[in-house]
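Asker: Following this line is my_file.csv, made up of CSV, C-alpha atoms:
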chain,number,residue,atom,x,y,z
A,134,MET,CA,23.9,-4.2,-10.9
A,135,LYS,CA,21.1,-3.2,-13.3
A,136,ALA,CA,18.4,-0.8,-12.1
A,137,ALA,CA,15.5,1.2,-13.4
A,138,VAL,CA,16.6,4.8,-12.6
A,139,TYR,CA,15.7,8.4,-13.5
A,140,TYR,CA,17.5,11.7,-13.4
A,141,GLU,CA,14.4,13.9,-13.1
A,142,ASN,CA,10.8,13.6,-12.1
A,143,GLY,CA,8.1,13.1,-14.7
A,144,PRO,CA,6.0,10.5,-16.5
A,145,PRO,CA,6.9,6.8,-16.7
A,146,GLY,CA,9.1,7.5,-19.7
A,147,VAL,CA,11.8,9.1,-17.5
A,148,PHE,CA,12.9,5.6,-16.5
A,149,LYS,CA,16.3,4.4,-17.9
A,150,TYR,CA,17.6,0.8,-17.5
A,151,GLU,CA,21.2,1.2,-16.5
A,152,ASP,CA,24.2,-0.3,-14.7
A,153,VAL,CA,24.7,1.4,-11.4
A,154,GLU,CA,27.0,0.7,-8.4
A,155,ASP,CA,25.9,-2.1,-6.0
A,156,PRO,CA,24.6,-0.8,-2.7
A,157,ALA,CA,26.7,-1.3,0.4
A,158,CYS,CA,25.5,-3.5,3.3
A,159,LEU,CA,25.0,-1.4,6.5
A,160,PRO,CA,26.3,-2.6,9.8
A,161,GLU,CA,22.7,-2.8,11.1
A,162,GLY,CA,21.4,-4.1,7.8
A,163,ILE,CA,21.2,-6.7,5.1
A,164,LEU,CA,21.9,-6.9,1.4
A,165,ILE,CA,19.6,-8.9,-0.8
A,166,ASP,CA,19.4,-10.2,-4.4
A,167,VAL,CA,16.0,-8.8,-5.4
A,168,GLU,CA,13.6,-11.4,-6.9
A,169,ALA,CA,10.4,-9.5,-6.9
A,170,VAL,CA,9.5,-5.8,-6.6
A,171,SER,CA,6.1,-4.7,-5.5
A,172,ILE,CA,5.3,-1.3,-7.1
A,173,GLU,CA,3.5,0.8,-4.5
A,174,GLY,CA,1.3,3.7,-5.2
A,175,GLY,CA,3.8,5.9,-3.5
A,176,ASP,CA,6.5,4.8,-6.0
A,177,THR,CA,4.5,6.2,-8.9
A,178,LEU,CA,3.9,9.5,-7.0
A,179,ASN,CA,7.6,9.8,-6.0
A,180,ARG,CA,8.6,9.2,-9.6
A,181,ALA,CA,6.2,11.9,-10.8
A,182,ARG,CA,7.0,14.6,-8.2
A,183,GLY,CA,9.0,13.3,-5.2
A,184,GLU,CA,12.4,14.2,-4.0
A,185,LEU,CA,15.4,12.6,-5.7
A,186,ALA,CA,17.4,11.3,-2.7
A,187,THR,CA,20.1,10.2,-5.1
A,188,VAL,CA,21.0,11.0,-8.7
A,189,PRO,CA,20.4,8.8,-10.6
A,190,HIS,CA,17.5,7.8,-8.4
A,191,ILE,CA,16.2,4.3,-7.7
A,192,VAL,CA,12.6,4.6,-6.6
A,193,GLY,CA,10.7,2.0,-4.6
A,194,TYR,CA,9.5,1.0,-1.1
A,195,GLN,CA,9.1,-2.7,-1.3
A,196,ALA,CA,11.0,-5.8,-2.6
A,197,ALA,CA,11.6,-9.4,-1.7
A,198,GLY,CA,14.5,-11.7,-2.3
A,199,THR,CA,17.4,-13.7,-0.8
A,200,ILE,CA,20.0,-12.3,1.6
A,201,VAL,CA,23.6,-12.3,0.3
A,202,GLU,CA,25.2,-10.4,3.1
A,203,VAL,CA,24.4,-9.4,6.7
A,204,GLY,CA,25.9,-6.5,8.7
A,205,GLU,CA,28.1,-7.0,11.6
A,206,LYS,CA,25.5,-5.9,14.1
A,207,VAL,CA,22.7,-8.2,12.7
A,208,THR,CA,22.0,-11.4,14.6
A,209,ASN,CA,18.5,-12.4,13.5
A,210,PHE,CA,19.2,-13.0,9.8
A,211,LYS,CA,21.8,-14.9,7.8
A,212,PRO,CA,22.8,-15.3,4.1
A,213,GLY,CA,20.5,-17.5,2.1
A,214,GLN,CA,17.3,-16.5,3.9
A,215,ARG,CA,14.4,-15.2,1.9
A,216,VAL,CA,13.0,-11.9,3.2
A,217,THR,CA,10.5,-9.2,2.2
A,218,THR,CA,11.8,-5.7,2.8
A,219,VAL,CA,10.8,-2.0,3.1
A,220,ASN,CA,12.9,1.1,2.6
A,221,MET,CA,12.2,4.7,1.5
A,222,HIS,CA,13.7,4.0,-2.0
A,223,GLY,CA,15.8,1.5,-3.9
A,224,SER,CA,13.4,-1.4,-4.8
A,225,HIS,CA,13.6,-1.0,-8.6
A,226,ALA,CA,17.0,-2.8,-8.8
A,227,GLU,CA,18.7,-6.2,-8.8
A,228,LYS,CA,20.1,-5.6,-5.3
A,229,ARG,CA,19.0,-3.5,-2.3
A,230,SER,CA,20.3,-2.6,1.1
A,231,VAL,CA,17.9,-2.2,4.0
A,232,PHE,CA,18.0,-2.1,7.8
A,233,ALA,CA,17.3,-5.5,9.3
A,234,GLN,CA,14.4,-3.8,11.3
A,235,THR,CA,12.5,-3.4,8.0
A,236,ALA,CA,12.9,-7.0,6.8
A,237,TRP,CA,10.7,-9.9,7.5
A,238,ALA,CA,11.4,-13.6,7.0
A,239,VAL,CA,9.4,-15.2,4.2
A,240,PRO,CA,7.7,-18.5,5.3
A,241,ASP,CA,8.7,-21.7,3.5
A,242,GLY,CA,6.6,-22.3,0.4
A,243,MET,CA,5.4,-18.7,0.1
A,244,ASP,CA,5.6,-17.3,-3.5
A,245,ILE,CA,8.2,-14.5,-3.6
A,246,ARG,CA,5.9,-12.2,-5.5
A,247,THR,CA,3.3,-12.6,-2.8
A,248,ALA,CA,5.8,-11.9,-0.1
A,249,SER,CA,7.0,-8.7,-1.8
A,250,ALA,CA,3.5,-7.2,-1.7
A,251,ILE,CA,2.7,-7.7,2.0
A,252,PRO,CA,4.3,-5.2,4.4
A,253,VAL,CA,3.2,-1.8,3.1
A,254,PRO,CA,-0.3,-2.5,1.9
A,255,PHE,CA,-1.3,-4.7,4.8
A,256,GLY,CA,0.5,-2.7,7.4
A,257,THR,CA,-1.0,0.5,6.1
A,258,ALA,CA,-4.5,-1.0,5.9
A,259,HIS,CA,-4.3,-2.3,9.5
A,260,ASP,CA,-3.2,1.1,10.8
A,261,CYS,CA,-5.9,2.9,8.9
A,262,LEU,CA,-8.6,0.6,10.3
A,263,PHE,CA,-7.5,-0.1,13.9
A,264,GLU,CA,-4.6,1.9,15.2
A,265,PHE,CA,-5.9,5.2,14.0
A,266,GLY,CA,-9.4,4.4,12.7
A,267,ARG,CA,-10.5,2.6,15.9
A,268,LEU,CA,-12.8,0.3,14.0
A,269,LYS,CA,-15.1,-1.8,16.1
A,270,GLU,CA,-17.2,-4.9,15.4
A,271,GLY,CA,-20.6,-3.9,14.0
A,272,GLU,CA,-19.4,-0.6,12.5
A,273,THR,CA,-19.6,0.3,8.8
A,274,VAL,CA,-16.5,1.2,6.9
A,275,LEU,CA,-16.2,2.8,3.5
A,276,ILE,CA,-13.0,1.9,1.7
A,277,GLN,CA,-12.0,4.2,-1.2
A,278,ALA,CA,-10.1,2.6,-4.2
A,279,GLY,CA,-11.2,-0.9,-3.1
A,280,ALA,CA,-9.3,-2.6,-6.0
A,281,SER,CA,-5.9,-1.1,-4.9
A,282,ALA,CA,-3.6,-3.2,-2.8
A,283,VAL,CA,-4.3,-1.2,0.3
A,284,GLY,CA,-8.0,-1.3,-0.5
A,285,LEU,CA,-8.0,-5.1,-0.9
A,286,ALA,CA,-6.1,-5.6,2.3
A,287,ALA,CA,-8.5,-3.2,4.2
A,288,ILE,CA,-11.6,-5.0,2.9
A,289,GLN,CA,-10.4,-8.3,4.2
A,290,LEU,CA,-9.2,-7.0,7.5
A,291,ALA,CA,-12.4,-5.0,8.1
A,292,LYS,CA,-14.7,-7.9,7.2
A,293,ARG,CA,-12.7,-10.3,9.5
A,294,ALA,CA,-13.2,-7.8,12.3
A,295,GLY,CA,-17.0,-7.9,11.9
A,296,ALA,CA,-17.6,-4.7,10.1
A,297,THR,CA,-20.0,-4.0,7.2
A,298,VAL,CA,-17.8,-3.1,4.3
A,299,ILE,CA,-18.6,-0.6,1.5
A,300,ALA,CA,-16.0,-0.1,-1.2
A,301,THR,CA,-15.6,2.0,-4.3
A,302,ALA,CA,-14.1,1.2,-7.7
A,303,SER,CA,-14.2,2.5,-11.2
A,304,SER,CA,-16.2,-0.4,-12.8
A,305,ALA,CA,-18.9,-2.9,-12.2
A,306,GLU,CA,-16.4,-5.7,-13.0
A,307,LYS,CA,-14.0,-4.6,-10.3
A,308,LEU,CA,-16.9,-4.3,-7.8
A,309,ASP,CA,-18.0,-7.8,-8.6
A,310,ARG,CA,-14.6,-9.2,-8.0
A,311,LEU,CA,-14.3,-7.3,-4.6
A,312,ARG,CA,-17.2,-9.3,-3.2
A,313,GLU,CA,-14.9,-12.4,-3.1
A,314,TYR,CA,-12.7,-10.6,-0.6
A,315,GLY,CA,-15.5,-9.5,1.8
A,316,MET,CA,-17.1,-6.4,0.3
A,317,ASP,CA,-20.8,-6.1,1.3
A,318,HIS,CA,-21.8,-3.2,-0.9
A,319,GLY,CA,-20.1,-1.5,-3.8
A,320,ILE,CA,-20.2,2.0,-5.2
A,321,ASN,CA,-19.1,2.8,-8.8
A,322,TYR,CA,-17.6,6.3,-8.3
A,323,LYS,CA,-17.7,7.0,-12.0
A,324,THR,CA,-21.5,6.4,-12.4
A,325,GLN,CA,-22.9,6.9,-8.9
A,326,ASP,CA,-23.0,9.8,-6.4
A,327,LEU,CA,-20.6,8.5,-3.8
A,328,VAL,CA,-22.1,10.4,-0.8
A,329,ALA,CA,-25.7,9.7,-1.8
A,330,GLU,CA,-25.0,6.0,-2.2
A,331,ALA,CA,-23.2,5.8,1.2
A,332,MET,CA,-26.1,7.5,2.9
A,333,ARG,CA,-28.6,5.2,1.1
A,334,LEU,CA,-26.7,2.1,2.1
A,335,THR,CA,-26.6,3.2,5.7
A,336,ASP,CA,-30.3,4.4,5.9
A,337,ASN,CA,-29.0,8.0,6.0
A,338,ARG,CA,-26.9,7.4,9.1
A,339,GLY,CA,-23.5,7.6,7.4
A,340,VAL,CA,-20.5,5.4,7.8
A,341,ASP,CA,-18.4,5.1,10.9
A,342,LEU,CA,-15.0,5.1,9.2
A,343,VAL,CA,-13.5,5.9,5.8
A,344,VAL,CA,-10.2,4.6,4.6
A,345,ASP,CA,-9.1,7.1,1.9
A,346,PRO,CA,-5.9,6.6,-0.1
A,347,VAL,CA,-7.2,8.8,-3.0
A,348,GLY,CA,-7.1,12.3,-1.5
A,349,GLY,CA,-8.0,15.3,-3.7
A,350,PRO,CA,-11.7,16.1,-4.1
A,351,THR,CA,-12.5,12.6,-3.0
A,352,LEU,CA,-11.4,13.4,0.6
A,353,GLN,CA,-14.2,15.9,0.9
A,354,LYS,CA,-16.7,13.3,-0.2
A,355,SER,CA,-15.2,10.9,2.4
A,356,ILE,CA,-16.0,13.5,5.1
A,357,LEU,CA,-19.5,14.0,3.8
A,358,ALA,CA,-20.2,10.3,3.9
A,359,LEU,CA,-19.5,10.1,7.6
A,360,GLY,CA,-22.1,9.6,10.3
A,361,TYR,CA,-22.0,11.1,13.8
A,362,ARG,CA,-18.5,10.8,15.3
A,363,GLY,CA,-17.3,9.3,12.1
A,364,ARG,CA,-13.6,9.1,11.3
A,365,VAL,CA,-11.5,9.4,8.1
A,366,SER,CA,-8.1,7.8,7.8
A,367,THR,CA,-6.4,9.7,5.0
A,368,VAL,CA,-3.4,7.8,3.7
A,369,GLY,CA,-2.5,9.0,0.3
A,370,ASP,CA,-2.9,11.2,-2.8
A,371,ALA,CA,-3.5,8.6,-5.5
A,372,GLY,CA,-5.8,11.0,-7.3
A,373,ARG,CA,-3.0,13.4,-7.7
A,374,GLU,CA,-5.2,16.4,-7.2
A,375,ASP,CA,-5.0,19.1,-4.5
A,376,ALA,CA,-7.2,18.3,-1.5
A,377,LEU,CA,-9.8,21.1,-1.2
A,378,MET,CA,-11.6,20.5,2.1
A,379,ASP,CA,-14.2,22.4,4.0
A,380,LEU,CA,-13.1,21.5,7.5
A,381,SER,CA,-16.3,23.0,8.9
A,382,THR,CA,-18.1,19.9,7.7
A,383,LEU,CA,-16.4,17.9,10.4
A,384,ARG,CA,-17.9,20.0,13.3
A,385,ALA,CA,-21.6,19.4,13.2
A,386,GLY,CA,-21.2,15.6,13.6
A,387,ASN,CA,-18.2,15.7,15.8
A,388,ARG,CA,-16.3,14.0,13.1
A,389,SER,CA,-12.5,13.6,12.8
A,390,ILE,CA,-9.8,13.1,10.2
A,391,THR,CA,-6.4,11.6,10.8
A,392,GLY,CA,-3.4,11.4,8.6
A,393,VAL,CA,-1.8,7.9,8.4
A,394,PHE,CA,1.8,7.2,7.2
A,395,LEU,CA,3.2,3.7,8.0
A,396,GLY,CA,6.7,5.0,7.4
A,397,ALA,CA,6.5,7.2,10.5
A,398,GLU,CA,6.4,4.2,12.7
A,399,ILE,CA,8.0,1.5,10.5
A,400,PHE,CA,10.9,1.1,13.0
A,401,THR,CA,8.6,0.4,16.0
A,402,ASP,CA,8.1,-3.0,17.6
A,403,ARG,CA,4.4,-2.6,17.2
A,404,VAL,CA,4.5,-2.3,13.4
A,405,TYR,CA,7.1,-5.0,13.0
A,406,ARG,CA,5.1,-7.6,15.0
A,407,ASN,CA,1.9,-6.6,13.3
A,408,ILE,CA,3.3,-7.1,9.8
A,409,GLU,CA,5.0,-10.3,11.0
A,410,LYS,CA,1.7,-11.6,12.2
A,411,MET,CA,-0.1,-10.8,8.9
A,412,ILE,CA,2.7,-12.5,6.9
A,413,ALA,CA,2.0,-15.7,8.9
A,414,GLU,CA,-1.8,-15.3,8.4
A,415,ILE,CA,-1.3,-15.0,4.6
A,416,ALA,CA,0.9,-18.1,4.6
A,417,LYS,CA,-1.9,-20.0,6.3
A,418,GLY,CA,-4.4,-18.7,3.8
A,419,GLU,CA,-6.4,-16.6,6.3
A,420,LEU,CA,-5.7,-13.4,4.2
A,421,LYS,CA,-5.0,-13.1,0.5
A,422,VAL,CA,-2.5,-11.0,-1.5
A,423,VAL,CA,-4.0,-10.1,-4.9
A,424,LEU,CA,-1.5,-9.9,-7.7
A,425,ASP,CA,-2.0,-8.4,-11.1
A,426,LYS,CA,0.6,-8.3,-13.9
A,427,SER,CA,4.3,-8.9,-13.6
A,428,PHE,CA,6.8,-7.0,-15.7
A,429,ALA,CA,10.5,-7.3,-16.2
A,430,LEU,CA,12.6,-4.7,-14.4
A,431,LYS,CA,13.8,-3.3,-17.7
A,432,ASP,CA,10.1,-2.6,-18.5
A,433,ALA,CA,9.5,-0.4,-15.3
A,434,ALA,CA,8.1,2.4,-17.5
A,435,ALA,CA,5.5,0.1,-19.0
A,436,ALA,CA,4.6,-1.2,-15.5
A,437,HIS,CA,4.1,2.3,-14.1
A,438,GLU,CA,2.0,3.3,-17.2
A,439,TYR,CA,-0.2,0.2,-16.6
A,440,ILE,CA,-0.7,1.2,-13.0
A,441,GLU,CA,-1.6,4.8,-13.9
A,442,SER,CA,-4.1,3.5,-16.5
A,443,ARG,CA,-6.1,2.3,-13.4
A,444,LYS,CA,-6.7,-1.0,-15.0
A,445,ALA,CA,-4.9,-3.0,-12.3
A,446,PHE,CA,-6.7,-5.1,-9.8
A,447,GLY,CA,-4.3,-5.6,-6.9
A,448,ARG,CA,-0.5,-5.2,-7.0
A,449,VAL,CA,1.7,-5.0,-10.0
A,450,THR,CA,5.2,-6.4,-9.7
A,451,LEU,CA,8.6,-6.3,-11.4
A,452,THR,CA,11.1,-9.2,-11.8
A,453,PRO,CA,14.8,-8.4,-12.2
Output the file's structure as structure tokens, nothing else.
Answerer:
Amino acid sequence: MKAAVYYENGPPGVFKYEDVEDPACLPEGILIDVEAVSIEGGDTLNRARGELATVPHIVGYQAAGTIVEVGEKVTNFKPGQRVTTVNMHGSHAEKRSVFAQTAWAVPDGMDIRTASAIPVPFGTAHDCLFEFGRLKEGETVLIQAGASAVGLAAIQLAKRAGATVIATASSAEKLDRLREYGMDHGINYKTQDLVAEAMRLTDNRGVDLVVDPVGGPTLQKSILALGYRGRVSTVGDAGREDALMDLSTLRAGNRSITGVFLGAEIFTDRVYRNIEKMIAEIAKGELKVVLDKSFALKDAAAAHEYIESRKAFGRVTLTP
């Protein structure tokens, strides 16, 4: 099969488009022909500095396609079914092998690009808000990187739950577009003081919850934007800078910070059912997947460069 691979970490230019051996179908797994790859934020971070589990390495958490083989222990899927899948790596290829426990059936009529971009962003956003963030109706949530796939999912889920939603983005244009998905107030982090604006928008009370996929210095700002007993769900390092925090700023307001990693519970029934439910809601039009550009698999380097330019609004995909 063809795949976008690399032999060492580095900028997008490390990608090579090569023939590699087809993956084997596991007894507990399925093998799919990949039709759409959703490039996750973690994919770009892993390419830049993550561990190479294989050499050459095929990066990528998320892809959707059609099953071509099922393992002998799999009873809930069959060849010919369309599925969306999650794995720790291997999405940037024409075929991928995954455990059946990390594959979900794609509803009839759903666009395969849409399906590819659901499990990680929506599962992550839901955990940040509810499982670990304990968001309640009437509370105020600040969502960092609102135009990211996790941010867009979190905005919709928080608004649906009855929260007041504040989101950050790098331009007025992006903030205007975020209103369509449920954002009540926007903060341009390039031109405005994030903490001061969060306080102004809450009458100096502070927010109840922050969803922070950015990390780095932004994480300290997230803490300072909290009100009494406020919580931060920290879920990534998209900013690619070291997180320098003064943890003493948590104490005075009895605030808390929780690390969130969907992968730690990806094999649990709770996560499986939750993602399955949101796939059904998206199929019904109750939630929306926002897609940006699509690139050919052979152009993986250009796709990663586009993501790192921070021009994207929503998820960027690859097509083998």
Asker: When you look at range 388-395 of chain A with a cut-off of 8 Å (counting only C-alpha atoms), what residues show up, excluding the ones that are within fewer than 2 positions of it in the same chain? I need them as a ChimeraX atom specification.
Answerer: /A:253,256-257,260-261,265,359-368,383-386,397-399
Asker: Just checking: using all atoms listed in the file, which residue out of A:Val274, A:Ala238, A:Ala169, A:Ile251 ends up closest to Ala226 in chain A?
Answerer: A:Ala169
Asker: Rank A:Leu342, A:Ala305, A:Ala434, A:Ala197 by their smallest atom-to-atom distance to Gln325 in chain A, using all atoms listed in the file, and report the top residue only.
Answerer: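 Closest to Gln325 in chain A of all the choices is A:Ala305.
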Asker: Would you please work out which residue, of A:Leu185, A:Leu268, A:Leu352, A:Ala413, is nearest to His222 in chain A when using only C-alpha atoms?
Answerer: A:Leu185
Asker: Quick one, how far is CA of Val138 in chain A from CA of Glu173 in chain A?
Answerer: 15.9 Å
Asker: Got a sec: who's within 10 Å of Val239 in chain A, counting all atoms listed in the file, leaving out chain neighbours fewer than 5 positions off, as a PyMOL selection string?
Answerer: chain A and resi 197-199+214-218+244-245+247-249+409+412-413+416
Asker: Report the distance between CA of Ile163 in chain A and CA of Asp176 in chain A in Å, rounded to one decimal place.
Answerer: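 Pair CA of Ile163 in chain A / CA of Asp176 in chain A returns 21.7 Å.
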Asker: Can you tell me, as a ChimeraX atom specification, which residues sit within 12 Å of (22.6, 9.0, -6.7) in the file's frame, using only C-alpha atoms?
Answerer: /A:136,138-141,153-156,184-192,222-223
Asker: Take the selection from the previous step and output its residues with C-alpha atoms, as a CSV table (one decimal), in the frame of the given file.
Answerer:
chain,number,residue,atom,x,y,z
A,136,ALA,CA,18.4,-0.8,-12.1
A,138,VAL,CA,16.6,4.8,-12.6
A,139,TYR,CA,15.7,8.4,-13.5
A,140,TYR,CA,17.5,11.7,-13.4
A,141,GLU,CA,14.4,13.9,-13.1
A,153,VAL,CA,24.7,1.4,-11.4
A,154,GLU,CA,27.0,0.7,-8.4
A,155,ASP,CA,25.9,-2.1,-6.0
A,156,PRO,CA,24.6,-0.8,-2.7
A,184,GLU,CA,12.4,14.2,-4.0
A,185,LEU,CA,15.4,12.6,-5.7
A,186,ALA,CA,17.4,11.3,-2.7
A,187,THR,CA,20.1,10.2,-5.1
A,188,VAL,CA,21.0,11.0,-8.7
A,189,PRO,CA,20.4,8.8,-10.6
A,190,HIS,CA,17.5,7.8,-8.4
A,191,ILE,CA,16.2,4.3,-7.7
A,192,VAL,CA,12.6,4.6,-6.6
A,222,HIS,CA,13.7,4.0,-2.0
A,223,GLY,CA,15.8,1.5,-3.9
Asker: In Å, with one decimal, what is the gap from CA of Ser171 in chain A to CA of Ala250 in chain A?
Answerer: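 Those two atoms sit 5.2 Å apart.
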Asker: So which one's closest to Leu424 in chain A, A:Leu380, A:Ile276, A:Ala445, A:Val328? Using all atoms listed in the file, please.
Answerer: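 Among A:Leu380, A:Ile276, A:Ala445, A:Val328, it is A:Ala445 that comes nearest to Leu424 in chain A.
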Asker: Which residues, written as a compact mmCIF listing (two decimals) with C-alpha atoms, in the frame of the given file, have at least one atom at most 9 Å from Leu311 in chain A, with only C-alpha atoms counted and residues fewer than 6 positions away on the same chain left out?
Answerer:
# COMPACT_ATOMS: atom_id res chain seq x y z
CA GLY A 279 -11.20 -0.90 -3.10
CA ALA A 280 -9.30 -2.60 -6.00
CA LEU A 285 -8.00 -5.10 -0.90
CA ILE A 288 -11.60 -5.00 2.90
CA ALA A 300 -16.00 -0.10 -1.20
CA ASP A 317 -20.80 -6.10 1.30
CA GLY A 319 -20.10 -1.50 -3.80
Asker: Ranking A:Pro240, A:Pro254, A:Pro212, A:Gly162 by minimum distance to Gln195 in chain A and counting only C-alpha atoms, which one comes first?
Answerer: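 Among A:Pro240, A:Pro254, A:Pro212, A:Gly162, it is A:Pro254 that comes nearest to Gln195 in chain A.
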Asker: So, counting all atoms listed in the file, which residue among A:Leu164, A:Gly315, A:Ile172, A:Glu151 is closest to Ala282 in chain A?
Answerer: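 Checking each candidate against Ala282 in chain A, we get A:Ile172 as the closest.
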Asker: Output range 416-424 of chain A with all heavy atoms present, as a compact mmCIF listing (two decimals), keeping the file's coordinate frame.
Answerer:
# COMPACT_ATOMS: atom_id res chain seq x y z
N ALA A 416 0.36 -16.75 4.90
CA ALA A 416 0.90 -18.10 4.60
C ALA A 416 -0.05 -19.20 4.95
O ALA A 416 -0.06 -20.24 4.27
CB ALA A 416 2.21 -18.25 5.46
N LYS A 417 -0.90 -18.97 5.94
CA LYS A 417 -1.90 -20.00 6.30
C LYS A 417 -3.18 -19.89 5.46
O LYS A 417 -4.08 -20.71 5.61
CB LYS A 417 -2.31 -19.77 7.78
CG LYS A 417 -1.20 -20.03 8.78
CD LYS A 417 -1.66 -19.68 10.19
CE LYS A 417 -0.54 -19.81 11.20
NZ LYS A 417 -0.98 -19.38 12.56
N GLY A 418 -3.26 -18.88 4.59
CA GLY A 418 -4.40 -18.70 3.80
C GLY A 418 -5.57 -17.96 4.42
O GLY A 418 -6.68 -17.92 3.88
N GLU A 419 -5.31 -17.33 5.56
CA GLU A 419 -6.40 -16.60 6.30
C GLU A 419 -6.61 -15.22 5.64
O GLU A 419 -7.69 -14.64 5.82
CB GLU A 419 -5.97 -16.44 7.74
CG GLU A 419 -5.88 -17.80 8.47
CD GLU A 419 -5.30 -17.67 9.86
OE1 GLU A 419 -5.13 -16.52 10.34
OE2 GLU A 419 -5.01 -18.72 10.47
N LEU A 420 -5.62 -14.68 4.97
CA LEU A 420 -5.70 -13.40 4.20
C LEU A 420 -5.09 -13.69 2.85
O LEU A 420 -4.27 -14.59 2.69
CB LEU A 420 -5.00 -12.29 4.91
CG LEU A 420 -5.53 -11.85 6.28
CD1 LEU A 420 -4.51 -10.94 6.97
CD2 LEU A 420 -6.87 -11.14 6.15
N LYS A 421 -5.47 -12.88 1.85
CA LYS A 421 -5.00 -13.10 0.50
C LYS A 421 -4.28 -11.86 -0.05
O LYS A 421 -4.77 -10.74 0.13
CB LYS A 421 -6.14 -13.47 -0.43
CG LYS A 421 -6.81 -14.80 -0.11
CD LYS A 421 -7.94 -15.09 -1.09
CE LYS A 421 -8.63 -16.40 -0.78
NZ LYS A 421 -9.76 -16.65 -1.72
N VAL A 422 -3.18 -12.09 -0.72
CA VAL A 422 -2.50 -11.00 -1.50
C VAL A 422 -3.00 -11.19 -2.94
O VAL A 422 -2.94 -12.28 -3.50
CB VAL A 422 -0.99 -11.18 -1.44
CG1 VAL A 422 -0.33 -10.20 -2.42
CG2 VAL A 422 -0.48 -10.94 -0.03
N VAL A 423 -3.50 -10.11 -3.50
CA VAL A 423 -4.00 -10.10 -4.90
C VAL A 423 -2.97 -9.54 -5.80
O VAL A 423 -2.59 -8.38 -5.65
CB VAL A 423 -5.34 -9.37 -4.98
CG1 VAL A 423 -5.90 -9.48 -6.39
CG2 VAL A 423 -6.35 -9.91 -3.97
N LEU A 424 -2.50 -10.35 -6.75
CA LEU A 424 -1.50 -9.90 -7.70
C LEU A 424 -2.06 -9.72 -9.07
O LEU A 424 -2.87 -10.52 -9.52
CB LEU A 424 -0.34 -10.93 -7.74
CG LEU A 424 0.42 -11.17 -6.43
CD1 LEU A 424 1.40 -12.32 -6.60
CD2 LEU A 424 1.14 -9.91 -5.99
